[in-house]
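**Q** Mind looking over this structure? Questions follow.
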Amino acid sequence: MDNNNKPIGFLDSGVGGLSVMKEAIKIMPNENYIYFGDSKNAPYGVKSTKEIRDLTFKAVEFLISKGIKGLVVACNTATSAAVRELRTVYPDMPLVGIEPAIKPAVELGRDGKILIMATPMTIKQDKFKLLLDKYKDKAEIVPIPCAGLMEFIESGVLDGIELEYYLKEKLSDYSSENVSSVVLGCTHYPFVKDSISKILGKNVEVIDGGEGTAREIKRRLAEKNLLNTNTTKGKIEIYNSLGEDKIIDLSWKLLS
C-alpha cells in the first residue's frame with residue numbers, strides 16, 4: 001500500500017478518543033482511520049504509571065500491526081505516562097499526544113477561574129503539574145478530579161438525572177459569576193459538554209484539546225509528505241479490547 005493511503009491510528013482507554021478522531025475527520029475527511037479503544041482495561045486514570053505505559057504500548061503495537069502512518073494518543077492519561085518513551089521507541093512515526101487545553105483558556109483573557117476537569121491520574125502526573133506551573137501567574141486555575149465521569153460515557157450515559165447529579169456535586173462550589181472557562185482534560189468529557197454547560201451556564205466557555213490535536217497530526221504528516229491526496233472520503237475501522245457489539249455500536253454512535 002502507498003504510504004499516503006495508510007491509515008492514521010488513534011488510541012484511547014475507551015471510547016473517549018473518538019472525540020479527537022471526530023475533529024480529525026472534519027479537517028481530513030479523505031484520510032483513512034483506525035481507532036483502538038481499550039475499554040477492557042478502562043479506566044486508565046486509577047492505574048499506576050507503569051500499567052498505563054504497558055497498556056499504551058500494547059495498543060500502539062496493535063495499531064502498527066495494522067499499518068498506520070501516524071499515531072494520535074487520544075488519551076490525556078496515556079499521553080502523560082507514555083508519549084515521551086513512545087517518541088524514543090518510534091522516532092520516525094508522526095506522533096501526537098493530547099494534553100489539557102489550558103493555553104487556549106488562558107488566552108481568552110476572561111475574568112474568573114479556569115476549571116480543569118480531569119481524571120485523578122492526569123492531575124497527579126508531573127506533566128500536568130508542569131503545565132499548571134507554566135500558567136499559574138496568568139490565571140487562577142483549579143483542577144477538579146472527576147473520578148467516575150468517564151464511566152458514564154463508557155456506559156453510553158451522556159445525559160439524564162444521574163449524570164446531572166454527579167456534575168452538580170463536582171461543580172456546586174462554582175458559578176458562572178466566578179468561572180471564565182472549563183477545560184476538559186479527558187477526551188471522554190466532550191461527549192457530556194452540553195450537560196456541563198447546563199450546570200455552569202452558557203456564559204462559561206467549555207474547551208477541549210481535540211481540534212488542536214487534530215491539526216497537529218495533520219501538520220506532522222504534511223512535514224513528511226504523508227497526507228492522503230485522494231479526494232474520496234476515507235475509510236474508518238474501529239476496534240475495542242472488549243470485542244463486544246455493544247461497545248462498537250456506541251463508538252459508531254459517538255462518532256456520528
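By convention in this document, the chains of the C-alpha cells carry letters A, B, ... by their order, each chain's residues are numbered from 1, and ligands are numbered from 1 in the order they are shown.
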Need the shell around Cys186 (chain A): protein/DNA/RNA residues with any atom at most 10 Å away, counting only C-alpha atoms. Skip same-chain ones fewer than 4 positions apart. Format as a PyMOL selection string?
**A** chain A and resi 16-17+19+45+74-77+98-100+116-119+122+146+149-150+190+208-210
**Q** Apply DSSP to the backbone of this structure and, from region 90-197 of chain A, keep only the residues in strand (DSSP E or B); write these as a list of chain:residue names.
**A** A:Leu95, A:Val96, A:Gly97, A:Lys113, A:Ile114, A:Leu115, A:Ile116, A:Met117, A:Ala118, A:Ile141, A:Val142, A:Pro143, A:Ile144, A:Pro145, A:Val179, A:Ser180, A:Ser181, A:Val182, A:Val183, A:Leu184
**Q** Can you list, as a list in words, every protein, DNA or RNA residue that comes within 8 Å of Tyr239 (chain A) when you count only C-alpha atoms, leaving out same-chain residues fewer than 3 positions away?
**A** Ile34, Tyr35, Phe36, Gly37, Gly243 and Ile248 of chain A
**Q** Pull C-alpha atoms from the residues just selected and write them as a CSV table (one decimal), in the first residue's frame.
**A**
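Listed below is the output, selection10.csv:
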```csv
chain,number,residue,atom,x,y,z
A,34,ILE,CA,-8.1,3.1,12.6
A,35,TYR,CA,-9.3,3.5,16.2
A,36,PHE,CA,-8.5,1.3,19.2
A,37,GLY,CA,-10.3,1.7,22.4
A,243,GLY,CA,-14.7,-7.0,21.4
A,248,ILE,CA,-18.6,-1.0,19.0
```
**Q** Could you list, as a list in words, every residue within 6 Å of region 220-233 of chain A, counting only C-alpha atoms and ignoring same-chain residues fewer than 6 positions away?
**A** Asn4, Asn5, Pro29, Asn30, Glu31 and Pro94 of chain A
**Q** With N, CA and C atoms kept, could you save the residues just selected as a short mmCIF file (atom, residue, chain, number, x, y, z; two decimals), in the first residue's frame?
**A**
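The result, written out as out23.cif:
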```cif
data_model
loop_
_atom_site.label_atom_id
_atom_site.label_comp_id
_atom_site.auth_asym_id
_atom_site.auth_seq_id
_atom_site.Cartn_x
_atom_site.Cartn_y
_atom_site.Cartn_z
N ASN A 4 0.97 7.09 1.65
CA ASN A 4 -0.01 8.17 1.81
C ASN A 4 -1.41 7.63 2.07
N ASN A 5 -1.69 6.44 1.57
CA ASN A 5 -3.02 5.86 1.74
C ASN A 5 -3.17 5.08 3.04
N PRO A 29 -11.11 14.68 5.83
CA PRO A 29 -12.13 13.66 5.53
C PRO A 29 -11.67 12.58 4.56
N ASN A 30 -10.62 12.86 3.81
CA ASN A 30 -10.15 11.89 2.81
C ASN A 30 -9.14 10.90 3.38
N GLU A 31 -8.77 11.07 4.66
CA GLU A 31 -7.83 10.13 5.28
C GLU A 31 -8.54 8.86 5.72
N PRO A 94 5.16 9.98 12.82
CA PRO A 94 4.45 11.21 13.20
C PRO A 94 3.51 10.88 14.37
#
```
**Q** So what do you get for CA of Ile153 (chain A) versus CA of Lys26 (chain A), distance-wise?
**A**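 These atoms are spaced 21.9 Å apart.
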**Q** Region 168-176 of chain A: which residues within 6 Å, counting only C-alpha atoms, same-chain residues fewer than 3 positions away excluded, as a list in words?
**A**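 Skipping anything fewer than 3 positions along the chain leaves Tyr165, Val179 and Leu200 of chain A.
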**Q** So that I can check the surroundings of Lys202 (chain A), please list as a list in words every protein, DNA and RNA residue that reaches within 12 Å of it, counting only C-alpha atoms and ignoring chain neighbours fewer than 5 positions away.
**A**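 Within the cut-off, the hits are Ser175, Ser176, Glu177, Val179, Ser180, Ser181, Val182, Lys193, Asp194, Ser195, Ile196 and Ser197 of chain A.
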**Q** Skipping near chain neighbours, those fewer than 4 positions away, what residues fall within 10 Å of Gly67 (chain A) using only C-alpha atoms, listed as JSON, numbers by chain?
**A** {"A": [1, 3, 6, 7, 8, 9, 34, 62, 63]}
**Q** In terms of the shortest atom-to-atom distance over only C-alpha atoms, which of A:Ile64, A:Val192, A:Val72, A:Val106 is closest to Val157 (chain A)?
**A**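 Of the candidates, the smallest distance to Val157 (chain A) is held by A:Val192.
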**Q** In Å to one decimal, how far is CA of Ala24 (chain A) from CA of Gly70 (chain A)?
**A**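 A separation of 12.4 Å between them.
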